[in-house]
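Peer 1: As input, take protein-v3.pdb (PDB, C-alpha atoms, pLDDT in the B column):
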```pdb
ATOM      1  CA  MET A   1      -7.582   9.595  13.684  1.00 48.00           C
ATOM      2  CA  THR A   2      -9.840   6.564  13.710  1.00 56.00           C
ATOM      3  CA  THR A   3     -11.006   4.463  16.616  1.00 62.00           C
ATOM      4  CA  ALA A   4     -10.358   0.741  16.789  1.00 60.00           C
ATOM      5  CA  GLN A   5     -13.996   0.037  15.876  1.00 69.00           C
ATOM      6  CA  GLU A   6     -13.892   2.383  12.862  1.00 78.00           C
ATOM      7  CA  ARG A   7     -10.714   0.605  11.678  1.00 70.00           C
ATOM      8  CA  ALA A   8     -12.376  -2.806  12.104  1.00 71.00           C
ATOM      9  CA  ASP A   9     -15.479  -1.609  10.222  1.00 79.00           C
ATOM     10  CA  LEU A  10     -13.356  -0.268   7.332  1.00 76.00           C
ATOM     11  CA  LEU A  11     -11.325  -3.497   7.144  1.00 72.00           C
ATOM     12  CA  ASP A  12     -14.577  -5.453   6.955  1.00 74.00           C
ATOM     13  CA  GLN A  13     -16.086  -3.109   4.338  1.00 78.00           C
ATOM     14  CA  LEU A  14     -13.016  -3.446   2.085  1.00 73.00           C
ATOM     15  CA  GLY A  15     -12.907  -7.231   2.464  1.00 69.00           C
ATOM     16  CA  LEU A  16      -9.585  -7.188   4.303  1.00 68.00           C
ATOM     17  CA  ALA A  17     -10.808  -8.924   7.452  1.00 62.00           C
ATOM     18  CA  ALA A  18     -12.089 -12.265   6.171  1.00 58.00           C
ATOM     19  CA  GLN A  19     -10.325 -15.575   5.608  1.00 49.00           C
ATOM     20  CA  ASN A  20      -9.425 -16.346   1.966  1.00 48.00           C
ATOM     21  CA  LYS A  21      -9.916 -12.745   1.003  1.00 54.00           C
ATOM     22  CA  ALA A  22      -7.476  -9.860   1.248  1.00 51.00           C
ATOM     23  CA  ALA A  23      -6.758 -10.667   4.910  1.00 48.00           C
ATOM     24  CA  LEU A  24      -3.898  -8.221   5.211  1.00 47.00           C
ATOM     25  CA  GLY A  25      -5.812  -6.053   7.645  1.00 43.00           C
ATOM     26  CA  GLN A  26      -5.293  -8.769  10.223  1.00 47.00           C
ATOM     27  CA  VAL A  27      -1.518  -8.809   9.656  1.00 50.00           C
ATOM     28  CA  LEU A  28      -0.633  -5.131   9.931  1.00 54.00           C
ATOM     29  CA  GLY A  29      -2.091  -4.057  13.242  1.00 54.00           C
ATOM     30  CA  THR A  30      -0.887  -0.466  13.229  1.00 60.00           C
ATOM     31  CA  GLY A  31      -1.248   2.550  11.033  1.00 71.00           C
ATOM     32  CA  SER A  32      -4.087   3.855   8.956  1.00 84.00           C
ATOM     33  CA  ILE A  33      -5.875   2.580   5.872  1.00 87.00           C
ATOM     34  CA  GLY A  34      -6.343   4.612   2.704  1.00 91.00           C
ATOM     35  CA  GLN A  35      -7.984   4.087  -0.650  1.00 93.00           C
ATOM     36  CA  ALA A  36      -6.606   5.167  -4.013  1.00 96.00           C
ATOM     37  CA  SER A  37      -8.815   7.508  -5.999  1.00 96.00           C
ATOM     38  CA  GLU A  38      -9.497   6.688  -9.627  1.00 94.00           C
ATOM     39  CA  GLY A  39      -9.552   9.302 -12.361  1.00 91.00           C
ATOM     40  CA  PRO A  40     -11.745   9.219 -15.483  1.00 91.00           C
ATOM     41  CA  ASP A  41      -8.838   7.710 -17.451  1.00 88.00           C
ATOM     42  CA  GLY A  42      -8.650   4.736 -15.051  1.00 84.00           C
ATOM     43  CA  ARG A  43      -5.339   5.858 -13.546  1.00 91.00           C
ATOM     44  CA  MET A  44      -5.295   5.900  -9.758  1.00 96.00           C
ATOM     45  CA  LYS A  45      -3.695   8.404  -7.386  1.00 97.00           C
ATOM     46  CA  ALA A  46      -2.826   8.450  -3.710  1.00 97.00           C
ATOM     47  CA  THR A  47      -0.658  10.311  -1.226  1.00 97.00           C
ATOM     48  CA  ILE A  48       1.445   8.510   1.378  1.00 96.00           C
ATOM     49  CA  ARG A  49       3.284  10.497   4.043  1.00 95.00           C
ATOM     50  CA  ILE A  50       5.685  10.062   6.905  1.00 92.00           C
ATOM     51  CA  ASN A  51       4.387  12.209   9.734  1.00 90.00           C
ATOM     52  CA  PRO A  52       6.860  13.922  12.085  1.00 90.00           C
ATOM     53  CA  ASP A  53       8.284  11.636  14.791  1.00 85.00           C
ATOM     54  CA  GLU A  54       5.932   8.724  13.998  1.00 83.00           C
ATOM     55  CA  LEU A  55       8.127   6.504  11.771  1.00 85.00           C
ATOM     56  CA  THR A  56       5.079   5.010  10.041  1.00 86.00           C
ATOM     57  CA  TRP A  57       3.584   5.471   6.605  1.00 91.00           C
ATOM     58  CA  ASP A  58       0.227   7.240   6.535  1.00 91.00           C
ATOM     59  CA  PRO A  59      -1.646   5.286   5.296  1.00 92.00           C
ATOM     60  CA  SER A  60       0.295   2.125   6.074  1.00 89.00           C
ATOM     61  CA  ILE A  61      -2.214   0.075   4.027  1.00 90.00           C
ATOM     62  CA  LEU A  62      -3.215   1.563   0.656  1.00 94.00           C
ATOM     63  CA  VAL A  63      -6.085  -0.179  -1.137  1.00 93.00           C
ATOM     64  CA  MET A  64      -6.422  -0.122  -4.925  1.00 94.00           C
ATOM     65  CA  PRO A  65      -9.865  -1.207  -6.225  1.00 92.00           C
ATOM     66  CA  HIS A  66      -8.267  -3.110  -9.116  1.00 91.00           C
ATOM     67  CA  GLY A  67      -4.916  -3.602 -10.818  1.00 91.00           C
ATOM     68  CA  GLY A  68      -3.428  -0.936 -13.042  1.00 92.00           C
ATOM     69  CA  ASP A  69      -1.356   2.231 -12.965  1.00 94.00           C
ATOM     70  CA  ILE A  70      -1.098   4.371  -9.868  1.00 96.00           C
ATOM     71  CA  GLU A  71       0.657   7.660  -9.226  1.00 96.00           C
ATOM     72  CA  LEU A  72       1.911   8.044  -5.669  1.00 97.00           C
ATOM     73  CA  GLU A  73       2.920  11.270  -4.045  1.00 97.00           C
ATOM     74  CA  LEU A  74       5.328  10.481  -1.205  1.00 96.00           C
ATOM     75  CA  VAL A  75       5.741  13.143   1.469  1.00 96.00           C
ATOM     76  CA  ASN A  76       8.379  13.113   4.201  1.00 95.00           C
ATOM     77  CA  ASP A  77       7.234  15.550   6.893  1.00 95.00           C
ATOM     78  CA  ASP A  78       9.775  14.093   9.334  1.00 92.00           C
ATOM     79  CA  MET A  79      12.995  15.861  10.311  1.00 91.00           C
ATOM     80  CA  ASN A  80      15.009  12.749   9.336  1.00 91.00           C
ATOM     81  CA  THR A  81      15.955  11.436   5.904  1.00 92.00           C
ATOM     82  CA  HIS A  82      14.102   8.358   4.685  1.00 94.00           C
ATOM     83  CA  CYS A  83      13.494   6.654   1.356  1.00 94.00           C
ATOM     84  CA  ALA A  84      10.853   4.519  -0.319  1.00 95.00           C
ATOM     85  CA  LEU A  85      11.477   1.212  -2.069  1.00 95.00           C
ATOM     86  CA  LEU A  86       8.265   0.538  -3.964  1.00 96.00           C
ATOM     87  CA  PRO A  87       6.973  -2.430  -5.960  1.00 95.00           C
ATOM     88  CA  SER A  88       6.152  -2.103  -9.649  1.00 95.00           C
ATOM     89  CA  ASN A  89       5.880  -4.584 -12.497  1.00 92.00           C
ATOM     90  CA  GLY A  90       9.181  -4.818 -14.314  1.00 83.00           C
ATOM     91  CA  ASP A  91      11.318  -3.092 -11.716  1.00 89.00           C
ATOM     92  CA  ARG A  92      11.129  -1.625  -8.226  1.00 93.00           C
ATOM     93  CA  LYS A  93      11.135   2.139  -7.742  1.00 94.00           C
ATOM     94  CA  PHE A  94      13.465   3.895  -5.307  1.00 94.00           C
ATOM     95  CA  ILE A  95      12.693   7.418  -4.092  1.00 93.00           C
ATOM     96  CA  TRP A  96      15.111   9.270  -1.810  1.00 94.00           C
ATOM     97  CA  LEU A  97      13.205  11.454   0.694  1.00 93.00           C
ATOM     98  CA  VAL A  98      15.408  13.947   2.514  1.00 92.00           C
ATOM     99  CA  ASN A  99      13.825  15.677   5.498  1.00 91.00           C
ATOM    100  CA  ARG A 100      10.823  17.838   4.640  1.00 92.00           C
ATOM    101  CA  SER A 101      10.635  16.712   0.999  1.00 94.00           C
ATOM    102  CA  HIS A 102       8.300  14.922  -1.385  1.00 93.00           C
ATOM    103  CA  GLY A 103       8.571  12.809  -4.502  1.00 94.00           C
ATOM    104  CA  HIS A 104       6.398  11.112  -7.113  1.00 96.00           C
ATOM    105  CA  ALA A 105       6.367   7.493  -8.222  1.00 96.00           C
ATOM    106  CA  HIS A 106       4.469   5.928 -11.126  1.00 96.00           C
ATOM    107  CA  LEU A 107       3.767   2.254 -10.452  1.00 96.00           C
ATOM    108  CA  ASN A 108       2.117  -0.524 -12.402  1.00 95.00           C
ATOM    109  CA  LEU A 109       0.546  -3.220 -10.259  1.00 94.00           C
ATOM    110  CA  ASP A 110      -1.584  -5.245 -12.647  1.00 87.00           C
ATOM    111  CA  GLY A 111      -2.516  -8.261 -10.528  1.00 85.00           C
ATOM    112  CA  PRO A 112      -4.446  -8.696  -7.306  1.00 88.00           C
ATOM    113  CA  GLY A 113      -2.455  -9.262  -4.142  1.00 86.00           C
ATOM    114  CA  TYR A 114      -0.295  -7.635  -1.479  1.00 87.00           C
ATOM    115  CA  TYR A 115       2.652  -5.495  -2.489  1.00 92.00           C
ATOM    116  CA  TRP A 116       5.029  -4.502   0.313  1.00 92.00           C
ATOM    117  CA  PHE A 117       7.050  -1.282   0.504  1.00 93.00           C
ATOM    118  CA  GLY A 118       9.377   0.252   3.025  1.00 92.00           C
ATOM    119  CA  SER A 119      12.347   2.433   3.781  1.00 91.00           C
ATOM    120  CA  PRO A 120      15.517   0.304   3.803  1.00 90.00           C
ATOM    121  CA  THR A 121      17.625   3.241   5.040  1.00 86.00           C
ATOM    122  CA  GLY A 122      19.312   2.557   8.376  1.00 83.00           C
ATOM    123  CA  ASN A 123      16.924   0.541  10.506  1.00 82.00           C
ATOM    124  CA  ASP A 124      13.711   2.276   9.340  1.00 82.00           C
ATOM    125  CA  GLU A 125      11.956  -0.970   8.435  1.00 80.00           C
ATOM    126  CA  GLY A 126      13.004  -2.614  11.679  1.00 77.00           C
ATOM    127  CA  ARG A 127      11.504   0.302  13.579  1.00 79.00           C
ATOM    128  CA  GLY A 128       8.173   0.148  11.736  1.00 77.00           C
ATOM    129  CA  LEU A 129       8.469   2.086   8.469  1.00 87.00           C
ATOM    130  CA  THR A 130       6.837  -0.624   6.357  1.00 89.00           C
ATOM    131  CA  GLY A 131       3.556  -0.626   4.494  1.00 92.00           C
ATOM    132  CA  SER A 132       1.577  -2.403   1.849  1.00 92.00           C
ATOM    133  CA  ILE A 133      -0.496  -1.777  -1.233  1.00 94.00           C
ATOM    134  CA  VAL A 134      -3.448  -4.149  -1.525  1.00 91.00           C
ATOM    135  CA  VAL A 135      -4.795  -4.652  -5.034  1.00 92.00           C
ATOM    136  CA  LEU A 136      -8.328  -6.022  -4.889  1.00 90.00           C
ATOM    137  CA  GLY A 137      -9.804  -8.345  -7.471  1.00 85.00           C
ATOM    138  CA  ASP A 138      -9.435 -11.912  -8.625  1.00 80.00           C
ATOM    139  CA  ALA A 139      -6.855 -13.518 -10.879  1.00 76.00           C
ATOM    140  CA  PRO A 140      -7.847 -13.464 -14.560  1.00 75.00           C
ATOM    141  CA  PRO A 141      -8.992 -16.802 -16.000  1.00 78.00           C
ATOM    142  CA  GLU A 142      -5.739 -17.304 -17.943  1.00 78.00           C
ATOM    143  CA  ALA A 143      -3.713 -17.030 -14.725  1.00 74.00           C
ATOM    144  CA  ARG A 144      -5.726 -19.520 -12.678  1.00 73.00           C
ATOM    145  CA  LEU A 145      -4.583 -23.031 -11.915  1.00 75.00           C
ATOM    146  CA  ASP A 146      -6.230 -25.858 -13.825  1.00 76.00           C
ATOM    147  CA  ARG A 147      -8.005 -27.510 -10.927  1.00 74.00           C
ATOM    148  CA  PRO A 148     -11.568 -28.029  -9.664  1.00 78.00           C
ATOM    149  CA  GLU A 149     -13.456 -25.049  -8.317  1.00 77.00           C
ATOM    150  CA  GLN A 150     -12.644 -24.490  -4.640  1.00 75.00           C
ATOM    151  CA  PRO A 151     -15.246 -23.560  -1.995  1.00 79.00           C
ATOM    152  CA  ARG A 152     -15.183 -19.940  -0.959  1.00 72.00           C
ATOM    153  CA  PRO A 153     -16.529 -18.560   2.300  1.00 66.00           C
TER     154      PRO A 153
END
```
Please express what this file holds, its structure, as structure tokens.

Peer 2:
Amino acid sequence: MTTAQERADLLDQLGLAAQNKAALGQVLGTGSIGQASEGPDGRMKATIRINPDELTWDPSILVMPHGGDIELELVNDDMNTHCALLPSNGDRKFIWLVNRSHGHAHLNLDGPGYYWFGSPTGNDEGRGLTGSIVVLGDAPPEARLDRPEQPRP
């Protein structure tokens, strides 16, 4: 459990609390923040869970240090059935999570930005079971618009 100040400090440290940066930390005001760990092969890993009777992802904001492949372990510790609809280049991934179960998803998120995920079962998303994966970094030169350099804060 983190205090409000610890959450604000972590958002600032990760660059999620400033304008024209990954400002997502200002948008999602609830839930925890986690960081993906990177293995020696460059592949990242993280665990996201649904805690009992909370109807939120933990963490609700997952930060990847750069684009690439990530392996997620999804854990449903709740006594209700949920699912996960996850972003991935090429096609979304759908994982069915019956009560007290877990699943694995291999995603490829190669560009910086916000990638949203949720549980479209019933009204889970409407009740708060939404989250995001933030991929840090800047667009590669070949993907940038052909325009003059813009001021950055």

Peer 1: Can you list, as a PyMOL selection string, every protein, DNA or RNA residue that comes within 6 Å of segment 35-44 of chain A when you count only C-alpha atoms, leaving out same-chain residues fewer than 6 positions away?

Peer 2: chain A and resi 62-64+69-70

Peer 1: Quick one: of A:Cys83, A:Asn89, A:Asp9, A:Ile48, who's nearest to Asn123 of chain A, counting all atoms listed in the file?

Peer 2: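 Answer, going by the shortest atom-to-atom distance: A:Cys83.
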
Peer 1: Kindly indicate which residue among A:Leu14, A:Ile61, A:Leu55, A:Ala84 lies nearest to His102 of chain A, using only C-alpha atoms for the distances.

Peer 2: A:Ala84

Peer 1: Looking at A:Gly113, A:Pro140, A:Gly128, A:Pro148, which one is nearest to Glu54 of chain A, with distances taken over all atoms listed in the file?

Peer 2: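 Using all atoms listed in the file, Glu54 of chain A sits closest to A:Gly128.
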
Peer 1: Name the residues captured by the PyMOL selection byres ((chain A and resi 95) around 9) when it is applied to the shown file; answer as a list of chain:residue names.

Peer 2: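 After applying the PyMOL selection byres ((chain A and resi 95) around 9), what remains is A:Leu74, A:His82, A:Cys83, A:Ala84, A:Leu85, A:Leu86, A:Lys93, A:Phe94, A:Trp96, A:Leu97, A:Gly103, A:His104, A:Ala105.
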
Peer 1: With only C-alpha atoms as the atoms that count, which of A:Pro112, A:Thr56, A:Asp12, A:His106 lies nearest to Ala139 of chain A?

Peer 2: A:Pro112

Peer 1: The PyMOL selection byres ((chain A and resi 50) around 12) on the file shown: which residues, as a ChimeraX atom specification?

Peer 2: /A:31-32,47-49,51-60,73-84,97-102,118-119,124,128-131

Peer 1: Have a look at A:Pro87, A:Glu142, A:Val135, A:Phe117 and name the one nearest to His66 of chain A; count all atoms listed in the file.

Peer 2: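 Checking each candidate against His66 of chain A, we get A:Val135 as the closest.
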
Peer 1: One decimal, in Å: what's the spacing between atom CA of Leu11 of chain A and atom CA of Arg127 of chain A?

Peer 2: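 Between atom CA of Leu11 of chain A and atom CA of Arg127 of chain A the gap works out to 24.0 Å.
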